[in-house]
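Heads up: the structure comes next, in structure tokens.
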Amino acid sequence: MANTLVQDLIEAGIHFGQRASGWNPKMGAYIYGKRNGIHIIDIKETVKGLLLAKKFIAKTVASGKDVVFVGTKRQSKSVLEQRVGDAKMHYVTERWLGGTLTNFRTIRLRLKRLEELEAIQTADNFASYSKKMESQLKRELAKIKRNLDGIRKMEKLPGALVVIDVKHEVTALKEARKLGIPTIALIDTDGDPELVDIPIPGNDDSMKSIDVVVRELCLAVVDGKSARQVNGENPSGGSGGDDASGPGRGDQQRRSSRRPTTRASEIATQEVPEGASAAQ
């Protein structure tokens with residue numbers, strides 16, 4: 001499995017980073033070298049981060065919590081809508097509305113409004129309203145659906161947040177940190193790994209590399225759901241992202257080791273995930 005995963009990652013070009021002139025020095029531990037002015041990401045670190053993220057997501061979902069995938073850049077939209085939609089999990093692909101997590105009650109009110117507008121549309125397609133009101137309601141319906149359709153079934157705060165490109169999703173990461181929600185991110189050489197709990201170093205501009213990473217994480221979601229059903233867990237149970245036992249960012253400290261070390265890793269596993277040694 002690990003050898004196939006490594007091959008898929010290499011074929012997707014996940015090891016190609018940004019130009020060396022625009023790198024973030026904090027990503028030095030994840031960089032293998034430089035070629036033609038482009039940083040080359042250490043594929044071993046990518047595999048370690050990905051396997052650790054998969055194990056943590058499977059454990060989180062199995063405990064009854066959900067995961068939200070966030071990727072508003074053009075390359076990630078179609079991938080998240082297809083992969084995460086098939087896994088029946090939540091996603092944001094248009095724009096992250098400020099307060100999506102920290103003001104979740106208001107977001108739920110907007111989703112109820114979406115249901116009301118859809119009910120009116122189903123009943124008579126706004127025929128009972130004036131032309132002006134019909135136009136306003138249709139615009140409101142389209143706007144809410146565009147921004148919130150991917151999280152319309154999210155009834156509580158998530159147990160983890162998965163982000164594509166930390167530079168694009170800073171607001172989402174800050175909200176997750178404030179609430180103590182663990183974060184996972186596909187992060188390029190120009191990003192800041194200290195913004196997330198489990199960084200997956202890799203090319204976050206390539207649709208192919210994004211697809212491979214999201215595919216693997218969605219497989220972990222499916223495994224977690226299977227374990228949830230076997231254990232008889234209530235899918236609506238759990239305390240969401242404010243679980244005190246979940247790994248947060250408040251007291252995270254990076255060690256000298258090149259391997260990503262987070263509070264999430266301490267809970268998810270005390271050993272190197274199975275298959276990581278084979279990938280090396």
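Ordered as shown in the structure tokens, chains take letters A, B, and onward, while each chain numbers its residues from 1 and ligands are numbered from 1 in the order shown.
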
For A:Tyr30: contacts at 7 Å, only C-alpha atoms, fewer than 2 positions along chain excluded, given as a PyMOL selection string:
chain A and resi 27-28+32+41-42+45+201

Shell around stretch 219-233 of chain A at 12 Å using only C-alpha atoms, local window under 6 positions removed, as an NGL selection string
:A and (50-69 or 83-90 or 159-160 or 162 or 212-213)

Quick one: write out the picked residues with N, CA and C atoms as a short mmCIF file (atom, residue, chain, number, x, y, z; two decimals), in the first residue's frame?
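That gives us again.cif:
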```
data_model
loop_
_atom_site.label_atom_id
_atom_site.label_comp_id
_atom_site.auth_asym_id
_atom_site.auth_seq_id
_atom_site.Cartn_x
_atom_site.Cartn_y
_atom_site.Cartn_z
N LEU A 50 0.97 12.42 5.78
CA LEU A 50 -0.28 11.91 5.24
C LEU A 50 -0.78 10.70 6.02
N LEU A 51 0.11 9.78 6.35
CA LEU A 51 -0.29 8.60 7.12
C LEU A 51 -0.75 8.99 8.53
N LEU A 52 -0.07 9.94 9.12
CA LEU A 52 -0.47 10.41 10.45
C LEU A 52 -1.84 11.09 10.39
N ALA A 53 -2.05 11.89 9.35
CA ALA A 53 -3.34 12.56 9.18
C ALA A 53 -4.46 11.55 8.96
N LYS A 54 -4.20 10.51 8.18
CA LYS A 54 -5.21 9.49 7.93
C LYS A 54 -5.60 8.78 9.22
N LYS A 55 -4.60 8.44 10.01
CA LYS A 55 -4.89 7.73 11.25
C LYS A 55 -5.67 8.60 12.22
N PHE A 56 -5.32 9.89 12.27
CA PHE A 56 -6.03 10.79 13.17
C PHE A 56 -7.46 11.02 12.70
N ILE A 57 -7.67 11.19 11.39
CA ILE A 57 -9.02 11.40 10.87
C ILE A 57 -9.89 10.17 11.12
N ALA A 58 -9.35 8.98 10.86
CA ALA A 58 -10.12 7.76 11.10
C ALA A 58 -10.54 7.65 12.56
N LYS A 59 -9.63 8.00 13.46
CA LYS A 59 -9.94 7.94 14.89
C LYS A 59 -10.97 8.99 15.28
N THR A 60 -10.86 10.18 14.69
CA THR A 60 -11.80 11.26 14.98
C THR A 60 -13.20 10.91 14.51
N VAL A 61 -13.31 10.43 13.28
CA VAL A 61 -14.63 10.07 12.73
C VAL A 61 -15.22 8.88 13.48
N ALA A 62 -14.38 7.92 13.83
CA ALA A 62 -14.86 6.75 14.57
C ALA A 62 -15.43 7.15 15.93
N SER A 63 -14.93 8.23 16.51
CA SER A 63 -15.42 8.68 17.82
C SER A 63 -16.76 9.41 17.73
N GLY A 64 -17.27 9.61 16.51
CA GLY A 64 -18.57 10.24 16.34
C GLY A 64 -18.50 11.69 15.89
N LYS A 65 -17.30 12.20 15.64
CA LYS A 65 -17.16 13.58 15.18
C LYS A 65 -17.00 13.62 13.66
N ASP A 66 -17.20 14.81 13.11
CA ASP A 66 -17.08 14.99 11.67
C ASP A 66 -15.84 15.80 11.32
N VAL A 67 -15.54 15.85 10.03
CA VAL A 67 -14.39 16.58 9.52
C VAL A 67 -14.86 17.55 8.45
N VAL A 68 -14.30 18.75 8.45
CA VAL A 68 -14.61 19.74 7.42
C VAL A 68 -13.38 19.95 6.55
N PHE A 69 -13.57 19.85 5.24
CA PHE A 69 -12.51 20.10 4.27
C PHE A 69 -12.69 21.49 3.69
N ARG A 83 -14.75 14.25 -4.19
CA ARG A 83 -14.21 13.28 -3.23
C ARG A 83 -14.92 13.36 -1.88
N VAL A 84 -15.02 14.57 -1.33
CA VAL A 84 -15.62 14.72 -0.01
C VAL A 84 -17.13 14.48 -0.08
N GLY A 85 -17.73 14.88 -1.19
CA GLY A 85 -19.16 14.62 -1.36
C GLY A 85 -19.45 13.13 -1.37
N ASP A 86 -18.60 12.36 -2.06
CA ASP A 86 -18.78 10.90 -2.11
C ASP A 86 -18.61 10.28 -0.72
N ALA A 87 -17.73 10.87 0.09
CA ALA A 87 -17.51 10.35 1.45
C ALA A 87 -18.57 10.85 2.42
N LYS A 88 -19.49 11.69 1.92
CA LYS A 88 -20.58 12.23 2.74
C LYS A 88 -20.04 12.98 3.96
N MET A 89 -19.08 13.85 3.69
CA MET A 89 -18.53 14.69 4.73
C MET A 89 -18.70 16.15 4.30
N HIS A 90 -18.31 17.10 5.13
CA HIS A 90 -18.59 18.51 4.90
C HIS A 90 -17.40 19.20 4.22
N GLY A 159 -14.74 17.83 14.44
CA GLY A 159 -13.66 17.31 15.27
C GLY A 159 -12.30 17.58 14.67
N ALA A 160 -12.28 17.99 13.38
CA ALA A 160 -11.02 18.31 12.71
C ALA A 160 -11.30 19.16 11.48
N VAL A 162 -9.58 20.14 7.71
CA VAL A 162 -8.58 19.84 6.69
C VAL A 162 -8.54 21.00 5.71
N VAL A 212 -4.85 13.32 -4.92
CA VAL A 212 -4.29 12.14 -4.24
C VAL A 212 -4.42 12.29 -2.72
N VAL A 213 -4.07 13.46 -2.20
CA VAL A 213 -4.12 13.68 -0.76
C VAL A 213 -5.57 13.61 -0.26
#
```

With only C-alpha atoms as the atoms that count, which of A:Gly13, A:Gly49, A:Gly33, A:Gly71 lies nearest to A:Gly150?
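For A:Gly150, the nearest of the candidates is A:Gly71.
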
For the alpha helix (DSSP H) assignment from backbone DSSP, which residues of stretch 165-219 of chain A qualify? Please present them as a ChimeraX atom specification.
/A:170-179,207-219

Saved selection, atoms kept: N, CA and C atoms, as a compact mmCIF listing (two decimals), in the first residue's frame:
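Contents of part-v5.txt, freshly written:
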```txt
# COMPACT_ATOMS: atom_id res chain seq x y z
N VAL A 170 -6.26 31.25 5.96
CA VAL A 170 -5.79 31.72 7.26
C VAL A 170 -6.96 31.95 8.22
N THR A 171 -8.04 32.53 7.73
CA THR A 171 -9.19 32.83 8.60
C THR A 171 -9.76 31.55 9.20
N ALA A 172 -9.91 30.51 8.38
CA ALA A 172 -10.43 29.24 8.87
C ALA A 172 -9.51 28.64 9.92
N LEU A 173 -8.20 28.72 9.69
CA LEU A 173 -7.24 28.16 10.63
C LEU A 173 -7.26 28.92 11.95
N LYS A 174 -7.41 30.23 11.89
CA LYS A 174 -7.46 31.03 13.12
C LYS A 174 -8.70 30.71 13.93
N GLU A 175 -9.83 30.50 13.26
CA GLU A 175 -11.06 30.14 13.98
C GLU A 175 -10.92 28.78 14.63
N ALA A 176 -10.32 27.83 13.90
CA ALA A 176 -10.12 26.49 14.46
C ALA A 176 -9.20 26.54 15.66
N ARG A 177 -8.14 27.31 15.57
CA ARG A 177 -7.21 27.44 16.70
C ARG A 177 -7.91 28.03 17.91
N LYS A 178 -8.74 29.04 17.69
CA LYS A 178 -9.43 29.70 18.79
C LYS A 178 -10.34 28.73 19.54
N LEU A 179 -10.93 27.79 18.78
CA LEU A 179 -11.86 26.83 19.38
C LEU A 179 -11.18 25.52 19.77
N MET A 207 -3.64 20.13 -9.20
CA MET A 207 -4.90 19.44 -8.98
C MET A 207 -4.68 17.95 -8.74
N LYS A 208 -3.68 17.38 -9.41
CA LYS A 208 -3.41 15.95 -9.25
C LYS A 208 -2.92 15.64 -7.83
N SER A 209 -2.02 16.46 -7.31
CA SER A 209 -1.50 16.21 -5.96
C SER A 209 -2.59 16.44 -4.92
N ILE A 210 -3.41 17.45 -5.13
CA ILE A 210 -4.53 17.69 -4.21
C ILE A 210 -5.48 16.50 -4.24
N ASP A 211 -5.73 15.96 -5.42
CA ASP A 211 -6.65 14.84 -5.57
C ASP A 211 -6.15 13.61 -4.82
N VAL A 212 -4.85 13.32 -4.92
CA VAL A 212 -4.29 12.14 -4.24
C VAL A 212 -4.42 12.29 -2.72
N VAL A 213 -4.07 13.46 -2.20
CA VAL A 213 -4.12 13.68 -0.76
C VAL A 213 -5.57 13.61 -0.26
N VAL A 214 -6.48 14.29 -0.94
CA VAL A 214 -7.88 14.29 -0.51
C VAL A 214 -8.47 12.90 -0.64
N ARG A 215 -8.08 12.18 -1.68
CA ARG A 215 -8.56 10.80 -1.84
C ARG A 215 -8.18 9.94 -0.65
N GLU A 216 -6.93 10.03 -0.23
CA GLU A 216 -6.46 9.23 0.90
C GLU A 216 -7.15 9.64 2.21
N LEU A 217 -7.35 10.93 2.41
CA LEU A 217 -8.02 11.40 3.62
C LEU A 217 -9.48 10.99 3.64
N CYS A 218 -10.11 10.98 2.47
CA CYS A 218 -11.51 10.54 2.40
C CYS A 218 -11.63 9.04 2.66
N LEU A 219 -10.62 8.27 2.25
CA LEU A 219 -10.62 6.84 2.58
C LEU A 219 -10.55 6.65 4.10
```

Hey, what's within 7 Å of A:Thr93 if we count only C-alpha atoms and toss same-chain stuff fewer than 4 positions away? As a ChimeraX atom specification, please?
/A:70-72,77

Give one line per residue of stretch 87-195 of chain A that approaches stretch 14-20 of chain A to at most 7 Å, naming the two atoms of the closest pair and their distance in Å to one decimal, counting only C-alpha atoms; sort by chain then ascending residue number and deliver it as a tab-separated table.
```
residue	atom	partner	partner_atom	distance
A:Asp188	CA	A:Gly17	CA	5.9
A:Thr189	CA	A:Gly17	CA	5.5
A:Asp190	CA	A:Gln18	CA	6.5
```

Quote the spacing between atom CA of A:Ile164 and atom CA of A:Thr4 in Å to one decimal place.
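Distance between the two atoms: 22.5 Å.
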
So that I can check the surroundings of A:Ile187, please list as a PyMOL selection string every protein, DNA and RNA residue that reaches within 10 Å of it, counting only C-alpha atoms and ignoring chain neighbours fewer than 2 positions away.
chain A and resi 17+27+46+163-167+184-185+189-193+196+198-205

Could you write out that same residue set with C-alpha atoms as a short mmCIF file (atom, residue, chain, number, x, y, z; two decimals), in the first residue's frame?
```cif
data_model
loop_
_atom_site.label_atom_id
_atom_site.label_comp_id
_atom_site.auth_asym_id
_atom_site.auth_seq_id
_atom_site.Cartn_x
_atom_site.Cartn_y
_atom_site.Cartn_z
CA GLY A 17 7.55 23.09 -4.18
CA MET A 27 9.50 24.69 5.93
CA THR A 46 4.92 13.93 2.88
CA VAL A 163 -7.20 22.75 4.67
CA ILE A 164 -5.70 23.01 1.20
CA ASP A 165 -3.07 25.80 1.18
CA VAL A 166 -2.68 27.58 4.52
CA LYS A 167 -2.03 30.94 2.84
CA ILE A 184 -4.55 19.27 9.01
CA ALA A 185 -3.18 20.99 5.92
CA THR A 189 7.17 25.46 0.75
CA ASP A 190 5.85 29.02 1.02
CA GLY A 191 3.46 28.21 3.89
CA ASP A 192 3.80 28.35 7.66
CA PRO A 193 3.67 24.85 9.22
CA VAL A 196 -1.51 23.67 11.67
CA ILE A 198 -0.55 18.04 11.23
CA PRO A 199 1.20 19.48 8.17
CA ILE A 200 1.33 17.43 4.98
CA PRO A 201 4.17 19.01 2.99
CA GLY A 202 3.40 18.95 -0.71
CA ASN A 203 2.47 20.82 -3.86
CA ASP A 204 -0.81 22.59 -3.13
CA ASP A 205 -1.13 24.13 -6.62
#
```

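Minimum distance to A:Ser21 across A:Arg146, A:Arg74, A:Lys34, A:Arg113 (counting only C-alpha atoms) occurs at A:Lys34.
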
Straight-line distance linking atom CA of A:Leu97 with atom CA of A:Leu148, stated in Å to one decimal:
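Taking atom CA of A:Leu97 and atom CA of A:Leu148, their separation equals 8.8 Å.
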
Find the residues near A:Arg110: any atom within 12 Å, counting only C-alpha atoms, skip ones fewer than 5 places away on the same chain, and give them as a PyMOL selection string.
chain A and resi 97+100+103-105+115-117+140-141+143-145+147-149+151-152

Given the selection you just returned, output its residues as a file containing N, CA and C atoms, formatted as a tab-separated table (two decimals), in the first residue's frame.
```tsv
chain	number	residue	atom	x	y	z
A	97	LEU	N	-16.77	32.01	5.10
A	97	LEU	CA	-17.44	33.13	5.74
A	97	LEU	C	-16.89	33.30	7.15
A	100	THR	N	-17.75	31.15	10.54
A	100	THR	CA	-18.33	29.84	10.23
A	100	THR	C	-18.22	28.88	11.41
A	103	ASN	N	-18.94	31.59	15.10
A	103	ASN	CA	-20.32	32.07	15.20
A	103	ASN	C	-21.24	31.07	14.52
A	104	PHE	N	-21.07	29.81	14.91
A	104	PHE	CA	-21.75	28.70	14.22
A	104	PHE	C	-23.27	28.79	14.33
A	105	ARG	N	-23.78	29.36	15.40
A	105	ARG	CA	-25.23	29.48	15.57
A	105	ARG	C	-25.84	30.32	14.46
A	115	GLU	N	-33.25	26.29	3.76
A	115	GLU	CA	-34.30	25.27	3.69
A	115	GLU	C	-35.66	25.90	3.44
A	116	GLU	N	-35.92	27.05	4.05
A	116	GLU	CA	-37.18	27.74	3.83
A	116	GLU	C	-37.33	28.17	2.38
A	117	LEU	N	-36.27	28.74	1.82
A	117	LEU	CA	-36.33	29.20	0.43
A	117	LEU	C	-36.48	28.02	-0.54
A	140	GLU	N	-31.00	35.46	-3.14
A	140	GLU	CA	-30.65	35.06	-1.77
A	140	GLU	C	-30.43	33.55	-1.70
A	141	LEU	N	-31.30	32.80	-2.35
A	141	LEU	CA	-31.18	31.34	-2.38
A	141	LEU	C	-29.85	30.91	-3.02
A	143	LYS	N	-27.10	32.64	-3.35
A	143	LYS	CA	-25.94	33.08	-2.56
A	143	LYS	C	-25.70	32.16	-1.36
A	144	ILE	N	-26.75	31.84	-0.63
A	144	ILE	CA	-26.60	30.97	0.53
A	144	ILE	C	-26.16	29.58	0.10
A	145	LYS	N	-26.77	29.08	-0.95
A	145	LYS	CA	-26.43	27.73	-1.41
A	145	LYS	C	-25.00	27.67	-1.91
A	147	ASN	N	-22.41	29.42	-0.91
A	147	ASN	CA	-21.43	29.53	0.17
A	147	ASN	C	-21.54	28.44	1.23
A	148	LEU	N	-22.75	27.92	1.46
A	148	LEU	CA	-22.95	27.03	2.61
A	148	LEU	C	-23.47	25.65	2.28
A	149	ASP	N	-23.67	25.36	1.01
A	149	ASP	CA	-24.28	24.07	0.66
A	149	ASP	C	-23.43	22.89	1.13
A	151	ILE	N	-21.76	22.53	3.84
A	151	ILE	CA	-21.82	22.26	5.29
A	151	ILE	C	-23.25	22.29	5.81
A	152	ARG	N	-24.21	22.13	4.94
A	152	ARG	CA	-25.61	22.25	5.35
A	152	ARG	C	-26.04	21.13	6.31
```

Smallest atom-to-atom distance to A:Val6: which of A:Asp197, A:Lys48, A:Val79, A:Arg95, using only C-alpha atoms?
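Of A:Asp197, A:Lys48, A:Val79, A:Arg95, the one nearest A:Val6 is A:Lys48, counting only C-alpha atoms.
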